[in-house]
Amino acid sequence: MNRRDESRLGSRAPARRLLFALSWLVCCAATGGAHAYGFDDAEAPRARAVVRRGPIVIDGRLDDPGWQDAPWHAGFTERKPGLGAAPPVETRFRVAFDRSFLYVAVFCGEPDPSKLVARSTTRDSFAIFNDDAISIKLDPLHDQRTTVGLVLNPVGARLDYRGVNERSMRREWDAIWTGAAQRVPGGWGAEFRVAWSVLGIDPDSAPPVLGLNFSRDHASRNATYDWALMPPPYTPITASRYGHLEGLEALAGLPAEVSATQQDGARDRGLLVLPWGLGGWNSAGEGRADGGIDVFAQRGRWRGQVTVNTDFAQADVDDAIVNLGRFSLRMPEKRDFFLRDMERFGFGDADGASAFYSRRIGLDAGRVVPILGGLKVTGDVGDRVRLAALDVATQSVTARDGQSALPAANATVLRGQVELGGGSNVGAIVTHRQSLQALRDANTVVGVDGALRGGRSPLLIEAFAMASHRGSDASRGTRDVGATAGSEAEGERFGGAAGVRATWRGRLVRPGLRYAWTGQGMRADLGFLPRVGVHETDAELVVEPRFQSYGLERLRLEAAGGAVLAEADGRLLDRNVSAGFDLVWNAGWLVGAEVERLSETVQTPVELIDVVVPTGVYPMNRWLIGFETPGVRAVSGWLDLEGRDLYGGQATIATCGLTLRPGTWLRLEAGGTLGRLTIADHRAWVGLVNARASIGFSPDLNLDLYGGYDHADHRVPWMARLRWTWRRGSDLFAVLQGQSTVDGATSWTALAKVTWALP
């Protein structure tokens, strides 16, 4: 998915067009539009793992005695550029296990070694997918929704991530695993070793079958090959289409001595201790020292994490962005405590209302709210029930600089899900925020949700409903989520929200519908509500023909639209209709364009770029053209040019990015936005820059540098972070971050953080 794909997800159009979109959905489902390119209903591939009978040294050589009994498996299929074609190079793998670990060996054929591309050494960088790389994707609980991903390139660079609901890849998650790669005759080899505890599997009650897939990125052809084919529009982490790994029924009966390893004395204790220490000075020259600890433990299928005096300086700096809309944006979570197992807590609409948004804990309107401590527990009951609980206490924050005081509070989240098979599930959630200083200052949200996946069918239906109650003393409201976020009237208040989304994920034709309602009284202190008191309807139709000539890979055509209506009287507030295309070449070049017609009703005055936009109805037009170069090259980039009407004014904006990868040790990235805005006779320039440098001294020692600039507030955030993996599963972080202003004021914080996996 490119950047323009992501921007279209929340588009809206007139309500009268929904009947047309619905007819498309019904007709395409009835006629089997997804089968126009031979939709593959073949049975998922299967592989068999065997007990390791000899030593295996993780070095990428593939010649250890422990591999001798493990059969090779092949049968890869090209995903891009030639969807469904046979790859021109060989890829094969085999799998072994013992009482503590799962072992995987992969051979990637490459007759011409000079064509191997490996420009990434940095840990946990998505840039690895522009190299030659091999990815293992495991669905450990076989729920057909969740992925544990491990990636290596030929120089041993590593990436690990968790895939959530077949949609998002969270690389912030760090797992304890060992991997190595090197060139071998005829290509290159990769070996992986991962503990059962990392996969959440108890050896005494291991499932007989795991979900399994492999994807190989072949940089010289800008190609990707899958063992179990992931045809677009399925994401690369669509676990419901993975193959199966069999043979693990022998795991429970293995004696302990079989788990003895011949490399680095590794043992699986399932325990991480993460102490941190902080020292620095503020802009007034005042010294500061602090410390805290996070402890993560796992036993069988249950995992727990305790945090004491949680630190926020370890978080990455958010990229500066330009927000030309009326409502707040949902920013990604970057804090360790909230990232681990957070796929268990997801609830609501990915593009709208959500019952739990972890950045509402410890961060309030840009202020850091100190966390006293927290506890998180996740686990499984049997093969189908998933449970999760979280409880965090925050300190009070005194009023200053015109901001209100915040009371000490406690946040609790309870989540449960039941797997129905084939990736379908139902679940429930309860969130509760309670002031520790006023008993009736509280907010509770209760919700149910579910997803229907038709196994290997392209149909996907997702739905949720939730209700809220707030106490009579509540004062937080939803003031930080949008201009129409709701009333702050005193007194008890009840509210509700619900939504449903239906998508047909065909290869050629992909219609989709979405409806959401958020009541005026809805409030979610621990969630995210873009706006309340509205009905929202969205529809889209994507047609993506593919080519096998003139060097073209595919053409994507999209039409989308929707409407927003007032809950109280059904009055049309906003409407939108758009159309666009992307043309992609086999080599990775892309050009695209989009046009949009919209109308928005501003119900209360809103400040935008230092200008107050008055109430009224604003019809607007927007256009966008874009260009991208192949990401597999040493120099790559992209450019978007956008022009639009803007609440009675005009905006012309250019956004671009450039990436330089001169070798394995250095990657430079820079992106920026420059725009000219005119609103209500007020003229202003919008400019921002985000620049990053990643220096990989080795796969275990990386330095990341960040610098940004936001013209609106003349602020320059910056950060330097050194990460050294000094032993298996253990890291040392040294972080220096802060911000400067054009008048010379500077504030900064230094942090040293150690993660220690006890032997």
# chains A, B, ... in the order shown; residues from 1 in each chain; ligands from 1
$ residues_around --residues "Leu274 in chain A" --least-positions-apart "6" --cutoff "8 Å" --atoms "only C-alpha atoms" --output "ChimeraX atom specification"
/A:293-295,753-756
$ write_last_selection --atoms "all heavy atoms" --output "CSV table (one decimal), in the first residue's frame"
chain,number,residue,atom,x,y,z
A,293,ILE,N,12.0,0.8,36.5
A,293,ILE,CA,12.2,-0.6,36.0
A,293,ILE,C,11.0,-1.2,35.3
A,293,ILE,O,9.8,-0.8,35.7
A,293,ILE,CB,12.6,-1.5,37.2
A,293,ILE,CG1,13.1,-2.8,36.7
A,293,ILE,CG2,11.5,-1.7,38.2
A,293,ILE,CD1,13.8,-3.7,37.7
A,294,ASP,N,11.2,-1.9,34.3
A,294,ASP,CA,10.1,-2.8,33.7
A,294,ASP,C,10.6,-4.2,33.8
A,294,ASP,O,11.7,-4.5,33.5
A,294,ASP,CB,9.9,-2.4,32.2
A,294,ASP,CG,9.2,-1.1,32.0
A,294,ASP,OD1,8.0,-1.0,32.5
A,294,ASP,OD2,9.8,-0.1,31.5
A,295,VAL,N,9.7,-5.1,34.1
A,295,VAL,CA,10.0,-6.5,34.2
A,295,VAL,C,8.9,-7.3,33.4
A,295,VAL,O,7.7,-7.1,33.6
A,295,VAL,CB,9.9,-7.0,35.7
A,295,VAL,CG1,10.2,-8.5,35.7
A,295,VAL,CG2,11.0,-6.3,36.5
A,753,LYS,N,19.6,3.3,29.1
A,753,LYS,CA,18.6,2.2,29.4
A,753,LYS,C,19.2,0.9,29.0
A,753,LYS,O,19.9,0.7,28.0
A,753,LYS,CB,17.3,2.4,28.6
A,753,LYS,CG,16.3,1.3,28.8
A,753,LYS,CD,15.1,1.4,27.8
A,753,LYS,CE,14.2,0.3,28.0
A,753,LYS,NZ,13.1,0.3,27.0
A,754,VAL,N,19.1,-0.1,29.9
A,754,VAL,CA,19.6,-1.4,29.7
A,754,VAL,C,18.5,-2.4,29.8
A,754,VAL,O,17.6,-2.4,30.6
A,754,VAL,CB,20.6,-1.8,30.8
A,754,VAL,CG1,21.1,-3.2,30.7
A,754,VAL,CG2,21.8,-0.8,30.8
A,755,THR,N,18.4,-3.3,28.8
A,755,THR,CA,17.5,-4.5,28.8
A,755,THR,C,18.4,-5.7,29.1
A,755,THR,O,19.4,-5.9,28.4
A,755,THR,CB,16.7,-4.6,27.5
A,755,THR,OG1,17.6,-4.8,26.4
A,755,THR,CG2,15.9,-3.4,27.2
A,756,TRP,N,18.0,-6.5,30.0
A,756,TRP,CA,18.9,-7.6,30.4
A,756,TRP,C,18.0,-8.9,30.5
A,756,TRP,O,17.1,-9.0,31.3
A,756,TRP,CB,19.5,-7.3,31.8
A,756,TRP,CG,20.4,-8.4,32.3
A,756,TRP,CD1,21.0,-9.4,31.6
A,756,TRP,CD2,20.8,-8.6,33.6
A,756,TRP,NE1,21.8,-10.2,32.3
A,756,TRP,CE2,21.7,-9.7,33.6
A,756,TRP,CE3,20.6,-7.9,34.8
A,756,TRP,CZ2,22.3,-10.2,34.8
A,756,TRP,CZ3,21.2,-8.3,36.0
A,756,TRP,CH2,22.1,-9.5,35.9
$ residues_around --residues "Leu513 in chain A" --least-positions-apart "4" --cutoff "6 Å" --atoms "only C-alpha atoms" --output "CSV table (one decimal) with all heavy atoms, in the first residue's frame"
chain,number,residue,atom,x,y,z
A,501,ARG,N,-18.0,-2.6,8.8
A,501,ARG,CA,-17.2,-2.4,7.5
A,501,ARG,C,-17.3,-3.8,6.8
A,501,ARG,O,-17.0,-4.8,7.4
A,501,ARG,CB,-15.8,-2.1,7.8
A,501,ARG,CG,-14.9,-1.8,6.5
A,501,ARG,CD,-13.5,-1.8,6.9
A,501,ARG,NE,-13.2,-0.7,7.8
A,501,ARG,CZ,-12.8,0.5,7.4
A,501,ARG,NH1,-12.8,0.8,6.1
A,501,ARG,NH2,-12.6,1.5,8.3
A,502,ALA,N,-17.6,-3.7,5.5
A,502,ALA,CA,-17.6,-4.9,4.6
A,502,ALA,C,-16.7,-4.7,3.5
A,502,ALA,O,-16.8,-3.6,2.8
A,502,ALA,CB,-19.0,-5.2,4.2
A,538,ASP,N,-19.2,5.5,4.3
A,538,ASP,CA,-18.1,5.5,3.2
A,538,ASP,C,-18.3,4.4,2.3
A,538,ASP,O,-18.8,3.3,2.7
A,538,ASP,CB,-16.7,5.4,3.9
A,538,ASP,CG,-16.4,6.4,4.9
A,538,ASP,OD1,-16.7,7.6,4.6
A,538,ASP,OD2,-15.7,6.1,5.9
A,539,ALA,N,-17.9,4.6,1.0
A,539,ALA,CA,-18.0,3.6,0.0
A,539,ALA,C,-16.8,3.7,-0.9
A,539,ALA,O,-16.3,4.8,-1.1
A,539,ALA,CB,-19.2,3.6,-0.8
$ residues_around --residues "range 614-631 of chain A" --least-positions-apart "4" --cutoff "8 Å" --atoms "only C-alpha atoms" --output "ChimeraX atom specification"
/A:130,587-606,635-648
$ residues_around --residues "range 366-379 of chain A" --least-positions-apart "4" --cutoff "9 Å" --atoms "only C-alpha atoms" --output "ChimeraX atom specification"
/A:200,300-312,337-338,341,344,361-362,385-397,406
$ select_by_dssp --residues "range 111-296 of chain A" --states "helix (DSSP H, G or I)" --output "list in words"
Pro113, Ser114, Lys115, Phe126, Ala127, Ile128, Phe129, Asn130, Pro203, Asp204, Ser205, Ala219, Ser220, Arg221, Ala239, Ser240, Arg241, Leu248, Glu249, Ala250, Leu251, Ala252, Gly253, Ala256, Glu257, Val258 and Ser259 of chain A
$ select_by_dssp --residues "range 350-389 of chain A" --states "strand (DSSP E or B)" --output "list in words"
Ser354, Leu363, Asp364, Arg367, Val368, Ile371, Leu372, Gly373, Gly374, Leu375, Lys376, Val377, Thr378, Gly379, Asp380, Val381, Val385, Arg386, Leu387, Ala388 and Ala389 of chain A
$ write_last_selection --atoms "N, CA and C atoms" --output "PDB file, in the first residue's frame"
ATOM      1  N   SER A 354     -12.375   4.499  18.667  1.00  0.00           N
ATOM      2  CA  SER A 354     -11.693   3.366  19.283  1.00  0.00           C
ATOM      3  C   SER A 354     -11.884   3.443  20.788  1.00  0.00           C
ATOM      4  N   LEU A 363      -0.074  10.880  28.524  1.00  0.00           N
ATOM      5  CA  LEU A 363       0.122  12.012  27.627  1.00  0.00           C
ATOM      6  C   LEU A 363      -1.205  12.745  27.519  1.00  0.00           C
ATOM      7  N   ASP A 364      -1.231  14.043  27.840  1.00  0.00           N
ATOM      8  CA  ASP A 364      -2.472  14.802  27.814  1.00  0.00           C
ATOM      9  C   ASP A 364      -2.215  16.164  27.194  1.00  0.00           C
ATOM     10  N   ARG A 367       1.248  17.264  27.185  1.00  0.00           N
ATOM     11  CA  ARG A 367       1.952  17.219  28.466  1.00  0.00           C
ATOM     12  C   ARG A 367       2.222  15.779  28.874  1.00  0.00           C
ATOM     13  N   VAL A 368       3.398  15.544  29.447  1.00  0.00           N
ATOM     14  CA  VAL A 368       3.730  14.234  29.987  1.00  0.00           C
ATOM     15  C   VAL A 368       3.149  14.115  31.387  1.00  0.00           C
ATOM     16  N   ILE A 371       3.790   8.326  35.164  1.00  0.00           N
ATOM     17  CA  ILE A 371       3.146   7.068  35.528  1.00  0.00           C
ATOM     18  C   ILE A 371       3.833   6.510  36.773  1.00  0.00           C
ATOM     19  N   LEU A 372       3.046   6.293  37.813  1.00  0.00           N
ATOM     20  CA  LEU A 372       3.586   5.706  39.038  1.00  0.00           C
ATOM     21  C   LEU A 372       3.961   4.250  38.830  1.00  0.00           C
ATOM     22  N   GLY A 373       3.089   3.514  38.180  1.00  0.00           N
ATOM     23  CA  GLY A 373       3.342   2.097  37.943  1.00  0.00           C
ATOM     24  C   GLY A 373       2.200   1.476  37.177  1.00  0.00           C
ATOM     25  N   GLY A 374       2.442   0.277  36.673  1.00  0.00           N
ATOM     26  CA  GLY A 374       1.419  -0.410  35.904  1.00  0.00           C
ATOM     27  C   GLY A 374       1.660  -1.900  35.862  1.00  0.00           C
ATOM     28  N   LEU A 375       0.592  -2.621  35.552  1.00  0.00           N
ATOM     29  CA  LEU A 375       0.633  -4.078  35.441  1.00  0.00           C
ATOM     30  C   LEU A 375      -0.164  -4.490  34.213  1.00  0.00           C
ATOM     31  N   LYS A 376       0.398  -5.428  33.456  1.00  0.00           N
ATOM     32  CA  LYS A 376      -0.288  -5.951  32.275  1.00  0.00           C
ATOM     33  C   LYS A 376      -0.139  -7.464  32.264  1.00  0.00           C
ATOM     34  N   VAL A 377      -1.251  -8.160  32.014  1.00  0.00           N
ATOM     35  CA  VAL A 377      -1.264  -9.617  31.953  1.00  0.00           C
ATOM     36  C   VAL A 377      -2.038 -10.035  30.712  1.00  0.00           C
ATOM     37  N   THR A 378      -1.464 -10.938  29.938  1.00  0.00           N
ATOM     38  CA  THR A 378      -2.155 -11.507  28.782  1.00  0.00           C
ATOM     39  C   THR A 378      -1.956 -13.011  28.782  1.00  0.00           C
ATOM     40  N   GLY A 379      -2.907 -13.725  28.234  1.00  0.00           N
ATOM     41  CA  GLY A 379      -2.791 -15.175  28.204  1.00  0.00           C
ATOM     42  C   GLY A 379      -3.921 -15.816  27.427  1.00  0.00           C
ATOM     43  N   ASP A 380      -3.881 -17.134  27.363  1.00  0.00           N
ATOM     44  CA  ASP A 380      -4.849 -17.920  26.598  1.00  0.00           C
ATOM     45  C   ASP A 380      -5.423 -19.020  27.472  1.00  0.00           C
ATOM     46  N   VAL A 381      -6.702 -19.248  27.283  1.00  0.00           N
ATOM     47  CA  VAL A 381      -7.387 -20.343  27.947  1.00  0.00           C
ATOM     48  C   VAL A 381      -7.823 -21.324  26.855  1.00  0.00           C
ATOM     49  N   VAL A 385      -9.707 -19.022  23.550  1.00  0.00           N
ATOM     50  CA  VAL A 385     -10.000 -17.850  24.375  1.00  0.00           C
ATOM     51  C   VAL A 385      -8.721 -17.050  24.622  1.00  0.00           C
ATOM     52  N   ARG A 386      -8.741 -15.746  24.284  1.00  0.00           N
ATOM     53  CA  ARG A 386      -7.619 -14.842  24.496  1.00  0.00           C
ATOM     54  C   ARG A 386      -8.036 -13.790  25.526  1.00  0.00           C
ATOM     55  N   LEU A 387      -7.214 -13.597  26.561  1.00  0.00           N
ATOM     56  CA  LEU A 387      -7.524 -12.656  27.626  1.00  0.00           C
ATOM     57  C   LEU A 387      -6.391 -11.652  27.793  1.00  0.00           C
ATOM     58  N   ALA A 388      -6.745 -10.427  28.211  1.00  0.00           N
ATOM     59  CA  ALA A 388      -5.740  -9.387  28.445  1.00  0.00           C
ATOM     60  C   ALA A 388      -6.289  -8.398  29.461  1.00  0.00           C
ATOM     61  N   ALA A 389      -5.408  -7.910  30.333  1.00  0.00           N
ATOM     62  CA  ALA A 389      -5.786  -6.919  31.338  1.00  0.00           C
ATOM     63  C   ALA A 389      -4.628  -5.960  31.540  1.00  0.00           C
TER      64      ALA A 389
END
$ residues_around --residues "Arg556 in chain A" --least-positions-apart "3" --cutoff "12 Å" --atoms "only C-alpha atoms" --output "MDAnalysis selection string"
chainID A and resid 1:2 4:5 232:233 507:510 541:547 552:553 559 579:585 590:594
$ write_last_selection --atoms "N, CA, C and O atoms" --output "compact mmCIF listing (two decimals), in the first residue's frame"
# COMPACT_ATOMS: atom_id res chain seq x y z
N MET A 1 0.84 -1.19 0.00
CA MET A 1 0.00 0.00 0.00
C MET A 1 0.88 1.24 0.00
O MET A 1 1.74 1.40 0.84
N ASN A 2 0.65 2.16 -0.97
CA ASN A 2 1.44 3.39 -1.01
C ASN A 2 0.76 4.47 -0.17
O ASN A 2 -0.29 4.28 0.41
N ARG A 4 -0.81 7.20 -1.02
CA ARG A 4 -2.14 7.63 -1.46
C ARG A 4 -3.20 6.60 -1.12
O ARG A 4 -4.35 6.94 -0.84
N ASP A 5 -2.84 5.31 -1.12
CA ASP A 5 -3.79 4.30 -0.66
C ASP A 5 -4.22 4.57 0.76
O ASP A 5 -5.41 4.48 1.09
N PRO A 232 -2.45 -9.63 -3.91
CA PRO A 232 -3.14 -8.39 -3.58
C PRO A 232 -4.64 -8.55 -3.82
O PRO A 232 -5.04 -9.26 -4.75
N PRO A 233 -5.47 -7.91 -2.96
CA PRO A 233 -5.14 -6.88 -1.98
C PRO A 233 -4.81 -7.43 -0.59
O PRO A 233 -4.75 -6.65 0.35
N ARG A 507 -9.06 -9.96 -6.54
CA ARG A 507 -7.85 -9.56 -7.25
C ARG A 507 -8.12 -8.44 -8.24
O ARG A 507 -7.31 -7.54 -8.40
N LEU A 508 -9.27 -8.48 -8.93
CA LEU A 508 -9.57 -7.48 -9.94
C LEU A 508 -10.48 -6.39 -9.40
O LEU A 508 -10.19 -5.20 -9.54
N VAL A 509 -11.57 -6.76 -8.75
CA VAL A 509 -12.57 -5.80 -8.31
C VAL A 509 -12.71 -5.88 -6.79
O VAL A 509 -12.85 -6.97 -6.23
N ARG A 510 -12.67 -4.72 -6.11
CA ARG A 510 -12.68 -4.68 -4.65
C ARG A 510 -13.62 -3.58 -4.15
O ARG A 510 -13.18 -2.47 -3.88
N LEU A 541 -14.64 1.75 -4.46
CA LEU A 541 -14.56 0.70 -5.47
C LEU A 541 -13.18 0.77 -6.09
O LEU A 541 -12.78 1.81 -6.63
N VAL A 542 -12.42 -0.33 -5.99
CA VAL A 542 -11.08 -0.41 -6.56
C VAL A 542 -11.08 -1.47 -7.65
O VAL A 542 -11.59 -2.58 -7.44
N VAL A 543 -10.54 -1.13 -8.79
CA VAL A 543 -10.34 -2.08 -9.88
C VAL A 543 -8.85 -2.07 -10.21
O VAL A 543 -8.27 -1.00 -10.44
N GLU A 544 -8.22 -3.25 -10.20
CA GLU A 544 -6.76 -3.32 -10.36
C GLU A 544 -6.39 -4.37 -11.40
O GLU A 544 -6.03 -5.50 -11.06
N PRO A 545 -6.45 -4.02 -12.69
CA PRO A 545 -5.96 -4.95 -13.72
C PRO A 545 -4.45 -5.05 -13.71
O PRO A 545 -3.75 -4.11 -13.32
N ARG A 546 -3.94 -6.20 -14.13
CA ARG A 546 -2.50 -6.45 -14.17
C ARG A 546 -2.05 -6.68 -15.60
O ARG A 546 -2.82 -7.15 -16.44
N PHE A 547 -0.77 -6.39 -15.86
CA PHE A 547 -0.22 -6.47 -17.20
C PHE A 547 0.99 -7.38 -17.21
O PHE A 547 1.67 -7.54 -16.21
N LEU A 552 5.01 -3.12 -17.54
CA LEU A 552 4.02 -2.66 -16.58
C LEU A 552 3.58 -3.81 -15.68
O LEU A 552 3.39 -4.94 -16.13
N GLU A 553 3.41 -3.50 -14.38
CA GLU A 553 2.93 -4.50 -13.44
C GLU A 553 1.42 -4.41 -13.23
O GLU A 553 0.71 -5.39 -13.37
N ALA A 559 -12.52 4.73 -7.07
CA ALA A 559 -13.54 5.74 -6.86
C ALA A 559 -14.06 5.58 -5.44
O ALA A 559 -14.29 4.45 -4.99
N ALA A 579 -11.76 10.32 -7.10
CA ALA A 579 -11.34 9.30 -8.06
C ALA A 579 -9.84 9.44 -8.26
O ALA A 579 -9.29 10.55 -8.19
N GLY A 580 -9.16 8.32 -8.49
CA GLY A 580 -7.73 8.38 -8.67
C GLY A 580 -7.19 7.13 -9.32
O GLY A 580 -7.91 6.15 -9.54
N PHE A 581 -5.90 7.16 -9.65
CA PHE A 581 -5.23 6.01 -10.24
C PHE A 581 -3.78 5.97 -9.81
O PHE A 581 -3.18 7.00 -9.48
N ASP A 582 -3.20 4.78 -9.82
CA ASP A 582 -1.77 4.55 -9.67
C ASP A 582 -1.34 3.59 -10.77
O ASP A 582 -1.99 2.56 -10.99
N LEU A 583 -0.26 3.91 -11.45
CA LEU A 583 0.31 3.04 -12.47
C LEU A 583 1.69 2.61 -12.00
O LEU A 583 2.55 3.45 -11.71
N VAL A 584 1.91 1.28 -11.91
CA VAL A 584 3.14 0.73 -11.34
C VAL A 584 3.86 -0.10 -12.39
O VAL A 584 3.24 -0.95 -13.06
N TRP A 585 5.17 0.13 -12.52
CA TRP A 585 6.01 -0.64 -13.43
C TRP A 585 6.67 -1.80 -12.68
O TRP A 585 6.84 -1.76 -11.46
N LEU A 590 6.44 4.41 -10.05
CA LEU A 590 5.01 4.63 -9.83
C LEU A 590 4.65 6.07 -10.14
O LEU A 590 5.37 7.00 -9.75
N VAL A 591 3.53 6.24 -10.84
CA VAL A 591 2.93 7.57 -11.01
C VAL A 591 1.46 7.45 -10.64
O VAL A 591 0.83 6.39 -10.84
N GLY A 592 0.91 8.51 -10.08
CA GLY A 592 -0.48 8.47 -9.67
C GLY A 592 -1.08 9.85 -9.63
O GLY A 592 -0.37 10.87 -9.64
N ALA A 593 -2.40 9.90 -9.58
CA ALA A 593 -3.12 11.17 -9.50
C ALA A 593 -4.46 10.93 -8.82
O ALA A 593 -4.99 9.80 -8.81
N GLU A 594 -5.00 11.99 -8.23
CA GLU A 594 -6.28 11.91 -7.54
C GLU A 594 -6.98 13.26 -7.61
O GLU A 594 -6.33 14.31 -7.52
$ closest_residue --among "A:His432, A:Arg727, A:Arg145, A:Arg667" --to "Tyr242 in chain A" --atoms "only C-alpha atoms"
A:Arg145
$ closest_residue --among "A:Ala195, A:Ala524, A:Cys656, A:Leu420" --to "Ala355 in chain A" --atoms "only C-alpha atoms"
A:Ala524
$ residues_around --residues "Trp72 in chain A" --least-positions-apart "6" --cutoff "7 Å" --atoms "only C-alpha atoms" --output "VMD selection string"
chain A and resid 92 to 94
$ closest_residue --among "A:Phe126, A:Phe214, A:Trp504, A:Phe528" --to "Ala350 in chain A" --atoms "only C-alpha atoms"
A:Phe528
$ atom_distance --atom1 "CA of Arg335 in chain A" --atom2 "CA of Glu172 in chain A"
8.6 Å
$ atom_distance --atom1 "CA of Ala409 in chain A" --atom2 "CA of Ser435 in chain A"
4.3 Å
$ closest_residue --among "A:Ala127, A:Val612, A:Leu674, A:Ala465" --to "Phe347 in chain A" --atoms "only C-alpha atoms"
A:Ala465
$ residues_around --residues "Val184 in chain A" --least-positions-apart "2" --cutoff "12 Å" --atoms "only C-alpha atoms" --output "ChimeraX atom specification"
/A:59-63,106-113,154,181-182,186-190
$ closest_residue --among "A:Arg493, A:Arg531, A:Glu558, A:Ser114" --to "Asp441 in chain A" --atoms "only C-alpha atoms"
A:Arg493
$ atom_distance --atom1 "CA of Ala133 in chain A" --atom2 "CA of Thr725 in chain A"
21.2 Å
